[in-house]
>>> print(open('final12.cif').read())   # mmCIF, C-alpha atoms and all ligand atoms
data_structure
#
loop_
_atom_site.label_atom_id
_atom_site.label_comp_id
_atom_site.auth_asym_id
_atom_site.auth_seq_id
_atom_site.Cartn_x
_atom_site.Cartn_y
_atom_site.Cartn_z
CA MET A 1 64.81 -146.57 8.10
CA LYS A 2 65.20 -148.21 4.70
CA GLY A 3 64.14 -151.82 4.84
CA TYR A 4 64.60 -153.21 1.32
CA ALA A 5 67.15 -152.99 -1.49
CA GLU A 6 67.53 -149.51 -2.94
CA TRP A 7 65.73 -150.28 -6.27
CA MET A 8 62.86 -151.87 -4.41
CA GLU A 9 62.50 -148.85 -2.15
CA ARG A 10 62.48 -146.53 -5.14
CA LEU A 11 59.71 -148.49 -6.83
CA ILE A 12 57.68 -148.76 -3.62
CA GLU A 13 57.91 -145.01 -3.22
CA ALA A 14 56.80 -144.45 -6.83
CA LEU A 15 53.86 -146.85 -6.46
CA THR A 16 52.55 -145.18 -3.30
CA LYS A 17 51.81 -142.11 -5.45
CA PHE A 18 49.10 -144.17 -7.22
CA PRO A 19 45.51 -143.68 -6.05
CA ALA A 20 44.46 -146.15 -3.34
CA ILE A 21 47.96 -147.69 -3.07
CA GLY A 22 49.50 -147.53 0.39
CA ARG A 23 52.97 -148.66 1.47
CA ARG A 24 51.81 -152.21 2.22
CA SER A 25 50.13 -152.64 -1.20
CA ALA A 26 53.17 -151.15 -2.94
CA GLU A 27 55.42 -153.70 -1.20
CA ARG A 28 53.15 -156.54 -2.30
CA ILE A 29 53.28 -155.33 -5.92
CA VAL A 30 57.09 -155.18 -5.84
CA PHE A 31 57.33 -158.71 -4.36
CA TYR A 32 54.97 -159.90 -7.07
CA LEU A 33 57.06 -158.27 -9.82
CA LEU A 34 60.25 -159.86 -8.49
CA LYS A 35 58.61 -163.29 -8.52
CA THR A 36 57.07 -162.88 -11.99
CA ARG A 37 58.69 -163.96 -15.25
CA ARG A 38 60.89 -161.33 -16.92
CA GLU A 39 58.74 -161.28 -20.12
CA GLU A 40 55.60 -160.47 -18.17
CA VAL A 41 57.27 -157.55 -16.43
CA GLN A 42 58.60 -156.29 -19.75
CA GLU A 43 55.13 -156.45 -21.24
CA LEU A 44 53.73 -154.51 -18.29
CA ALA A 45 56.41 -151.84 -18.68
CA ALA A 46 55.59 -151.57 -22.40
CA LEU A 47 51.87 -151.29 -21.61
CA LEU A 48 52.46 -148.47 -19.13
CA LYS A 49 54.35 -146.58 -21.81
CA ALA A 50 51.80 -147.36 -24.55
CA VAL A 51 48.82 -146.21 -22.49
CA LYS A 52 50.47 -142.89 -21.84
CA GLU A 53 51.54 -142.41 -25.46
CA ASN A 54 48.45 -143.68 -27.29
CA VAL A 55 45.40 -142.87 -25.20
CA HIS A 56 44.12 -139.33 -25.50
CA PHE A 57 40.79 -137.50 -25.51
CA CYS A 58 38.34 -137.93 -28.40
CA SER A 59 38.38 -134.82 -30.58
CA LEU A 60 34.57 -134.80 -30.67
CA CYS A 61 33.31 -135.83 -27.23
CA HIS A 62 36.45 -135.84 -24.99
CA ASN A 63 35.95 -139.46 -23.95
CA PHE A 64 39.13 -141.57 -23.81
CA ALA A 65 40.18 -142.68 -27.29
CA ASP A 66 42.83 -144.79 -29.03
CA HIS A 67 42.34 -142.87 -32.25
CA GLU A 68 41.30 -139.35 -33.30
CA THR A 69 37.73 -140.15 -32.24
CA CYS A 70 36.53 -142.64 -29.61
CA HIS A 71 34.84 -145.97 -30.38
CA ILE A 72 31.40 -144.47 -29.71
CA CYS A 73 31.80 -141.41 -31.95
CA SER A 74 33.21 -143.64 -34.73
CA ASP A 75 30.29 -146.10 -34.51
CA PRO A 76 27.94 -145.48 -37.49
CA GLY A 77 25.12 -147.14 -35.54
CA ARG A 78 24.94 -144.40 -32.90
CA ASP A 79 22.29 -141.66 -33.07
CA ARG A 80 24.19 -138.37 -33.49
CA GLY A 81 20.98 -136.41 -32.90
CA MET A 82 21.17 -137.18 -29.20
CA ILE A 83 24.04 -135.99 -26.99
CA CYS A 84 24.30 -137.14 -23.38
CA VAL A 85 26.43 -134.71 -21.36
CA VAL A 86 28.45 -136.22 -18.51
CA GLU A 87 31.25 -135.00 -16.26
CA ASP A 88 33.71 -137.85 -16.56
CA PRO A 89 34.67 -140.72 -18.93
CA LYS A 90 33.73 -143.08 -16.06
CA ASP A 91 30.12 -141.88 -16.42
CA VAL A 92 30.13 -142.86 -20.11
CA LEU A 93 31.07 -146.37 -19.05
CA ALA A 94 28.30 -146.45 -16.42
CA ILE A 95 25.65 -145.39 -18.97
CA GLU A 96 27.01 -147.75 -21.63
CA LYS A 97 26.63 -150.63 -19.16
CA THR A 98 22.86 -150.02 -19.01
CA GLY A 99 22.78 -151.00 -22.70
CA THR A 100 19.78 -148.73 -23.33
CA TYR A 101 21.36 -145.54 -24.68
CA VAL A 102 21.97 -145.29 -28.44
CA GLY A 103 23.05 -141.65 -28.76
CA VAL A 104 26.51 -140.12 -28.44
CA TYR A 105 28.15 -138.33 -25.50
CA HIS A 106 29.90 -135.15 -24.52
CA VAL A 107 32.36 -135.40 -21.63
CA LEU A 108 32.87 -132.09 -19.82
CA LEU A 109 35.98 -133.34 -17.97
CA GLY A 110 34.77 -131.69 -14.78
CA ALA A 111 31.93 -129.62 -13.36
CA LEU A 112 31.47 -125.97 -12.49
CA SER A 113 32.61 -125.20 -8.96
CA ALA A 114 32.94 -121.70 -7.54
CA LEU A 115 34.67 -123.23 -4.51
CA ASP A 116 37.43 -124.82 -6.60
CA GLY A 117 37.60 -121.92 -9.04
CA ILE A 118 36.33 -124.00 -11.97
CA GLY A 119 34.44 -121.77 -14.38
CA PRO A 120 32.93 -122.47 -17.83
CA GLY A 121 36.35 -121.93 -19.46
CA GLU A 122 37.95 -124.72 -17.44
CA ILE A 123 35.65 -127.52 -18.70
CA GLN A 124 34.60 -128.57 -22.21
CA ILE A 125 31.51 -126.37 -22.55
CA ALA A 126 32.49 -124.31 -25.62
CA ASP A 127 32.94 -127.50 -27.64
CA LEU A 128 29.48 -128.73 -26.66
CA LEU A 129 27.85 -125.49 -27.78
CA LYS A 130 29.77 -125.74 -31.04
CA ARG A 131 28.51 -129.28 -31.64
CA VAL A 132 24.91 -128.21 -31.02
CA LYS A 133 25.25 -125.08 -33.17
CA GLU A 134 26.47 -127.18 -36.07
CA GLY A 135 22.92 -128.57 -36.18
CA LYS A 136 21.51 -132.08 -36.50
CA VAL A 137 21.28 -132.38 -32.69
CA ARG A 138 17.67 -132.90 -31.56
CA GLU A 139 18.19 -133.45 -27.87
CA VAL A 140 20.81 -132.75 -25.22
CA ILE A 141 20.50 -134.93 -22.11
CA LEU A 142 22.13 -133.35 -19.06
CA ALA A 143 23.54 -136.27 -17.07
CA THR A 144 25.86 -134.41 -14.71
CA ASN A 145 26.00 -135.72 -11.14
CA PRO A 146 23.06 -134.95 -8.82
CA ASN A 147 25.23 -132.93 -6.42
CA THR A 148 25.82 -129.18 -6.04
CA GLU A 149 28.46 -128.92 -8.80
CA GLY A 150 26.53 -131.17 -11.18
CA GLU A 151 23.27 -129.26 -10.68
CA THR A 152 25.02 -125.91 -11.11
CA THR A 153 26.57 -127.18 -14.34
CA ALA A 154 23.24 -128.54 -15.64
CA LEU A 155 21.50 -125.21 -14.91
CA TYR A 156 24.26 -123.27 -16.65
CA LEU A 157 24.17 -125.54 -19.70
CA ALA A 158 20.37 -125.37 -19.92
CA LYS A 159 20.64 -121.57 -19.95
CA MET A 160 23.37 -121.58 -22.62
CA LEU A 161 21.55 -124.09 -24.84
CA LYS A 162 18.14 -122.44 -24.58
CA SER A 163 18.59 -120.18 -27.61
CA LEU A 164 19.86 -123.02 -29.80
CA HIS A 165 16.43 -124.59 -30.41
CA VAL A 166 17.27 -128.03 -29.12
CA LYS A 167 15.32 -130.20 -26.68
CA ILE A 168 17.07 -130.12 -23.29
CA THR A 169 16.39 -132.83 -20.72
CA ARG A 170 17.80 -133.73 -17.31
CA ILE A 171 18.08 -137.24 -15.92
CA ALA A 172 16.37 -137.29 -12.57
CA ARG A 173 14.11 -140.03 -11.38
CA GLY A 174 15.46 -142.37 -8.73
CA ILE A 175 18.95 -140.94 -8.47
CA PRO A 176 19.72 -140.10 -4.84
CA VAL A 177 20.69 -136.47 -4.33
CA GLY A 178 24.42 -136.05 -3.69
CA SER A 179 25.30 -139.33 -5.38
CA ASN A 180 27.59 -140.01 -8.30
CA ILE A 181 26.52 -141.39 -11.68
CA GLU A 182 29.41 -143.82 -11.80
CA PHE A 183 28.21 -145.59 -8.61
CA ILE A 184 24.50 -145.84 -9.44
CA ASP A 185 23.23 -149.33 -10.26
CA GLN A 186 22.39 -150.06 -13.89
CA ALA A 187 18.62 -150.46 -13.40
CA THR A 188 18.27 -147.12 -11.59
CA LEU A 189 20.46 -145.33 -14.12
CA SER A 190 18.49 -146.85 -16.98
CA ARG A 191 15.14 -145.75 -15.44
CA SER A 192 16.49 -142.30 -14.78
CA LEU A 193 17.56 -141.94 -18.44
CA GLU A 194 14.18 -143.11 -19.68
CA GLY A 195 12.34 -140.86 -17.24
CA ARG A 196 14.36 -137.75 -18.08
CA LEU A 197 12.48 -134.46 -17.73
CA PRO A 198 12.66 -131.14 -19.59
CA ALA A 199 15.48 -129.04 -18.13
ZN ZN K 201 34.00 -139.52 -28.85
#
>>> encode(input="final12.cif", output="structure tokens")
Amino acid sequence: MKGYAEWMERLIEALTKFPAIGRRSAERIVFYLLKTRREEVQELAALLKAVKENVHFCSLCHNFADHETCHICSDPGRDRGMICVVEDPKDVLAIEKTGTYVGVYHVLLGALSALDGIGPGEIQIADLLKRVKEGKVREVILATNPNTEGETTALYLAKMLKSLHVKITRIARGIPVGSNIEFIDQATLSRSLEGRLPA
């Protein structure tokens, strides 16, 4: 049964494809859009298009970026001798919120998982090794999630980086096993970065 006008139904259906948006939420968004001023809806439509066209991955660290490199890689105040390796751009945000880390990042865009068929070629490992090989990196901090995939990835990276004469550390202290970096509170994450151990 189709309840609303055809255009409304089409938009509701499109919105329900979004993460965490069910039919009821999609309906509420459509009602809101119909009530809102035309200019505001036009601006939203333009933003949707702009985000898709202008945001891409940083050519150095694979974080989200508006330009060739992200705002962290382009910041001259950051310590390029320290690379913190994370799985997801959301983890960069979590660590940035602690306000204690001054190095740069490397976003793997995933983690190794035999179960899901994700091997070293499927995530951004080759680029990390290249960055370390180019020199000037003193320390690589492995900040992958403390779950099976994250640990497997950290072990693999530690093995690959071993011959490159760089200090390798793993964040550890206080992070509950099986948890996710993006959901850890700032104080715990900060302590765990400070208390990192040789990997
Ligand atoms: Zn970057």
>>> closest_residue(input="final12.cif", among="A:His62, A:Arg138, A:His165, A:Arg170", to="ligand ZN 201 (chain K)", atoms="only C-alpha atoms and all ligand atoms")
A:His62
>>> closest_atom_pairs(input="final12.cif", of="chain A", to="ligand ZN 201 (chain K)", cutoff="6 Å", atoms="all atoms listed in the file", output="tab-separated table")
residue	atom	partner	partner_atom	distance
A:Cys58	CA	K:ZN201	ZN	4.6
A:Leu60	CA	K:ZN201	ZN	5.1
A:Cys61	CA	K:ZN201	ZN	4.1
A:His62	CA	K:ZN201	ZN	5.9
A:Asn63	CA	K:ZN201	ZN	5.3
A:Thr69	CA	K:ZN201	ZN	5.1
A:Cys70	CA	K:ZN201	ZN	4.1
A:Ile72	CA	K:ZN201	ZN	5.7
A:Cys73	CA	K:ZN201	ZN	4.2
>>> closest_residue(input="final12.cif", among="A:Leu157, A:Leu44, A:Ala5, A:Ala114", to="Phe31 (chain A)", atoms="only C-alpha atoms")
A:Ala5
>>> residues_around(input="final12.cif", residues="Ser59 (chain A)", least_positions_apart="4", cutoff="12 Å", atoms="all atoms listed in the file", output="PDB file with C-alpha atoms, keeping the file's coordinate frame")
ATOM      1  CA  VAL A  55      45.400-142.870 -25.200  1.00  0.00           C
ATOM      2  CA  ASN A  63      35.950-139.460 -23.950  1.00  0.00           C
ATOM      3  CA  PHE A  64      39.130-141.570 -23.810  1.00  0.00           C
ATOM      4  CA  ALA A  65      40.180-142.680 -27.290  1.00  0.00           C
ATOM      5  CA  ASP A  66      42.830-144.790 -29.030  1.00  0.00           C
ATOM      6  CA  HIS A  67      42.340-142.870 -32.250  1.00  0.00           C
ATOM      7  CA  GLU A  68      41.300-139.350 -33.300  1.00  0.00           C
ATOM      8  CA  THR A  69      37.730-140.150 -32.240  1.00  0.00           C
ATOM      9  CA  CYS A  70      36.530-142.640 -29.610  1.00  0.00           C
ATOM     10  CA  HIS A  71      34.840-145.970 -30.380  1.00  0.00           C
ATOM     11  CA  ILE A  72      31.400-144.470 -29.710  1.00  0.00           C
ATOM     12  CA  CYS A  73      31.800-141.410 -31.950  1.00  0.00           C
ATOM     13  CA  SER A  74      33.210-143.640 -34.730  1.00  0.00           C
ATOM     14  CA  TYR A 105      28.150-138.330 -25.500  1.00  0.00           C
ATOM     15  CA  HIS A 106      29.900-135.150 -24.520  1.00  0.00           C
ATOM     16  CA  VAL A 107      32.360-135.400 -21.630  1.00  0.00           C
ATOM     17  CA  GLN A 124      34.600-128.570 -22.210  1.00  0.00           C
ATOM     18  CA  ASP A 127      32.940-127.500 -27.640  1.00  0.00           C
ATOM     19  CA  LEU A 128      29.480-128.730 -26.660  1.00  0.00           C
ATOM     20  CA  ARG A 131      28.510-129.280 -31.640  1.00  0.00           C
TER      21      ARG A 131
END
>>> closest_residue(input="final12.cif", among="A:Ala172, A:Ile29, A:Leu47, A:Ala20", to="Ala199 (chain A)", atoms="all atoms listed in the file")
A:Ala172
>>> atom_distance(input="final12.cif", atom1="CA of Gly117 (chain A)", atom2="CA of Lys133 (chain A)")
27.3 Å
>>> atom_distance(input="final12.cif", atom1="CA of Leu108 (chain A)", atom2="CA of Ile21 (chain A)")
27.4 Å
>>> residues_around(input="final12.cif", residues="Ile83 (chain A)", least_positions_apart="4", cutoff="8 Å", atoms="all atoms listed in the file", output="short mmCIF file (atom, residue, chain, number, x, y, z; two decimals) with C-alpha atoms, in the coordinates of the input")
data_model
loop_
_atom_site.label_atom_id
_atom_site.label_comp_id
_atom_site.auth_asym_id
_atom_site.auth_seq_id
_atom_site.Cartn_x
_atom_site.Cartn_y
_atom_site.Cartn_z
CA GLY A 103 23.05 -141.65 -28.76
CA VAL A 104 26.51 -140.12 -28.44
CA TYR A 105 28.15 -138.33 -25.50
CA HIS A 106 29.90 -135.15 -24.52
CA VAL A 137 21.28 -132.38 -32.69
CA GLU A 139 18.19 -133.45 -27.87
CA VAL A 140 20.81 -132.75 -25.22
CA ILE A 141 20.50 -134.93 -22.11
#
>>> closest_residue(input="final12.cif", among="A:Ala45, A:Ile95, A:Ala14, A:Ile168", to="Ser192 (chain A)", atoms="only C-alpha atoms")
A:Ile95
>>> closest_residue(input="final12.cif", among="A:Ser113, A:Asn180, A:Asn54, A:Thr169", to="Asn145 (chain A)", atoms="all atoms listed in the file")
A:Asn180
>>> atom_distance(input="final12.cif", atom1="CA of Tyr101 (chain A)", atom2="CA of Ile125 (chain A)")
21.8 Å
>>> residues_around(input="final12.cif", residues="Leu112 (chain A)", least_positions_apart="2", cutoff="6 Å", atoms="all atoms listed in the file", output="JSON list (two decimals) with C-alpha atoms, keeping the file's coordinate frame")
[["chain", "number", "residue", "atom", "x", "y", "z"],
["A", 118, "ILE", "CA", 36.33, -124.00, -11.97],
["A", 119, "GLY", "CA", 34.44, -121.77, -14.38],
["A", 149, "GLU", "CA", 28.46, -128.92, -8.80],
["A", 153, "THR", "CA", 26.57, -127.18, -14.34]]
>>> residues_around(input="final12.cif", residues="Gln186 (chain A)", least_positions_apart="5", cutoff="9 Å", atoms="all atoms listed in the file", output="list of chain:residue names")
A:Ala94, A:Ile95, A:Lys97, A:Thr98, A:Gly99, A:Arg191
>>> closest_residue(input="final12.cif", among="A:Leu93, A:Val102, A:Gly81, A:Asn147", to="Val166 (chain A)", atoms="only C-alpha atoms")
A:Gly81
>>> decode(input="final12.cif", residues="region 19-39 of chain A", atoms="N, CA and C atoms", output="PDB file, in the first residue's frame")
ATOM      1  N   PRO A  19      22.204   4.703   6.737  1.00  0.00           N
ATOM      2  CA  PRO A  19      22.389   3.971   7.990  1.00  0.00           C
ATOM      3  C   PRO A  19      21.528   4.567   9.100  1.00  0.00           C
ATOM      4  N   ALA A  20      20.941   3.699   9.891  1.00  0.00           N
ATOM      5  CA  ALA A  20      20.151   4.082  11.068  1.00  0.00           C
ATOM      6  C   ALA A  20      18.877   4.859  10.742  1.00  0.00           C
ATOM      7  N   ILE A  21      18.439   4.889   9.489  1.00  0.00           N
ATOM      8  CA  ILE A  21      17.185   5.567   9.139  1.00  0.00           C
ATOM      9  C   ILE A  21      16.151   4.509   8.760  1.00  0.00           C
ATOM     10  N   GLY A  22      15.113   4.415   9.585  1.00  0.00           N
ATOM     11  CA  GLY A  22      14.015   3.508   9.286  1.00  0.00           C
ATOM     12  C   GLY A  22      12.904   4.260   8.577  1.00  0.00           C
ATOM     13  N   ARG A  23      11.837   3.567   8.237  1.00  0.00           N
ATOM     14  CA  ARG A  23      10.703   4.163   7.531  1.00  0.00           C
ATOM     15  C   ARG A  23      10.138   5.381   8.277  1.00  0.00           C
ATOM     16  N   ARG A  24       9.951   5.241   9.595  1.00  0.00           N
ATOM     17  CA  ARG A  24       9.372   6.311  10.386  1.00  0.00           C
ATOM     18  C   ARG A  24      10.237   7.572  10.363  1.00  0.00           C
ATOM     19  N   SER A  25      11.563   7.383  10.528  1.00  0.00           N
ATOM     20  CA  SER A  25      12.484   8.537  10.486  1.00  0.00           C
ATOM     21  C   SER A  25      12.483   9.172   9.104  1.00  0.00           C
ATOM     22  N   ALA A  26      12.458   8.342   8.072  1.00  0.00           N
ATOM     23  CA  ALA A  26      12.458   8.848   6.698  1.00  0.00           C
ATOM     24  C   ALA A  26      11.221   9.709   6.458  1.00  0.00           C
ATOM     25  N   GLU A  27      10.070   9.260   6.959  1.00  0.00           N
ATOM     26  CA  GLU A  27       8.838  10.045   6.819  1.00  0.00           C
ATOM     27  C   GLU A  27       8.973  11.395   7.495  1.00  0.00           C
ATOM     28  N   ARG A  28       9.554  11.375   8.710  1.00  0.00           N
ATOM     29  CA  ARG A  28       9.719  12.636   9.451  1.00  0.00           C
ATOM     30  C   ARG A  28      10.614  13.607   8.701  1.00  0.00           C
ATOM     31  N   ILE A  29      11.675  13.086   8.062  1.00  0.00           N
ATOM     32  CA  ILE A  29      12.591  13.947   7.292  1.00  0.00           C
ATOM     33  C   ILE A  29      11.845  14.563   6.106  1.00  0.00           C
ATOM     34  N   VAL A  30      11.045  13.767   5.426  1.00  0.00           N
ATOM     35  CA  VAL A  30      10.295  14.275   4.266  1.00  0.00           C
ATOM     36  C   VAL A  30       9.281  15.344   4.702  1.00  0.00           C
ATOM     37  N   PHE A  31       8.572  15.108   5.806  1.00  0.00           N
ATOM     38  CA  PHE A  31       7.639  16.134   6.312  1.00  0.00           C
ATOM     39  C   PHE A  31       8.386  17.419   6.616  1.00  0.00           C
ATOM     40  N   TYR A  32       9.547  17.259   7.239  1.00  0.00           N
ATOM     41  CA  TYR A  32      10.367  18.428   7.591  1.00  0.00           C
ATOM     42  C   TYR A  32      10.770  19.209   6.337  1.00  0.00           C
ATOM     43  N   LEU A  33      11.222  18.469   5.307  1.00  0.00           N
ATOM     44  CA  LEU A  33      11.647  19.122   4.066  1.00  0.00           C
ATOM     45  C   LEU A  33      10.500  19.880   3.412  1.00  0.00           C
ATOM     46  N   LEU A  34       9.304  19.312   3.462  1.00  0.00           N
ATOM     47  CA  LEU A  34       8.143  19.952   2.837  1.00  0.00           C
ATOM     48  C   LEU A  34       7.729  21.228   3.573  1.00  0.00           C
ATOM     49  N   LYS A  35       8.016  21.254   4.882  1.00  0.00           N
ATOM     50  CA  LYS A  35       7.676  22.422   5.695  1.00  0.00           C
ATOM     51  C   LYS A  35       8.730  23.522   5.574  1.00  0.00           C
ATOM     52  N   THR A  36       9.969  23.120   5.269  1.00  0.00           N
ATOM     53  CA  THR A  36      11.112  24.043   5.280  1.00  0.00           C
ATOM     54  C   THR A  36      11.109  24.974   4.078  1.00  0.00           C
ATOM     55  N   ARG A  37      11.744  26.141   4.245  1.00  0.00           N
ATOM     56  CA  ARG A  37      11.845  27.104   3.158  1.00  0.00           C
ATOM     57  C   ARG A  37      12.593  26.500   1.969  1.00  0.00           C
ATOM     58  N   ARG A  38      12.191  26.887   0.773  1.00  0.00           N
ATOM     59  CA  ARG A  38      12.767  26.377  -0.468  1.00  0.00           C
ATOM     60  C   ARG A  38      14.296  26.553  -0.511  1.00  0.00           C
ATOM     61  N   GLU A  39      14.793  27.741  -0.069  1.00  0.00           N
ATOM     62  CA  GLU A  39      16.237  28.033  -0.127  1.00  0.00           C
ATOM     63  C   GLU A  39      17.032  27.041   0.720  1.00  0.00           C
TER      64      GLU A  39
END
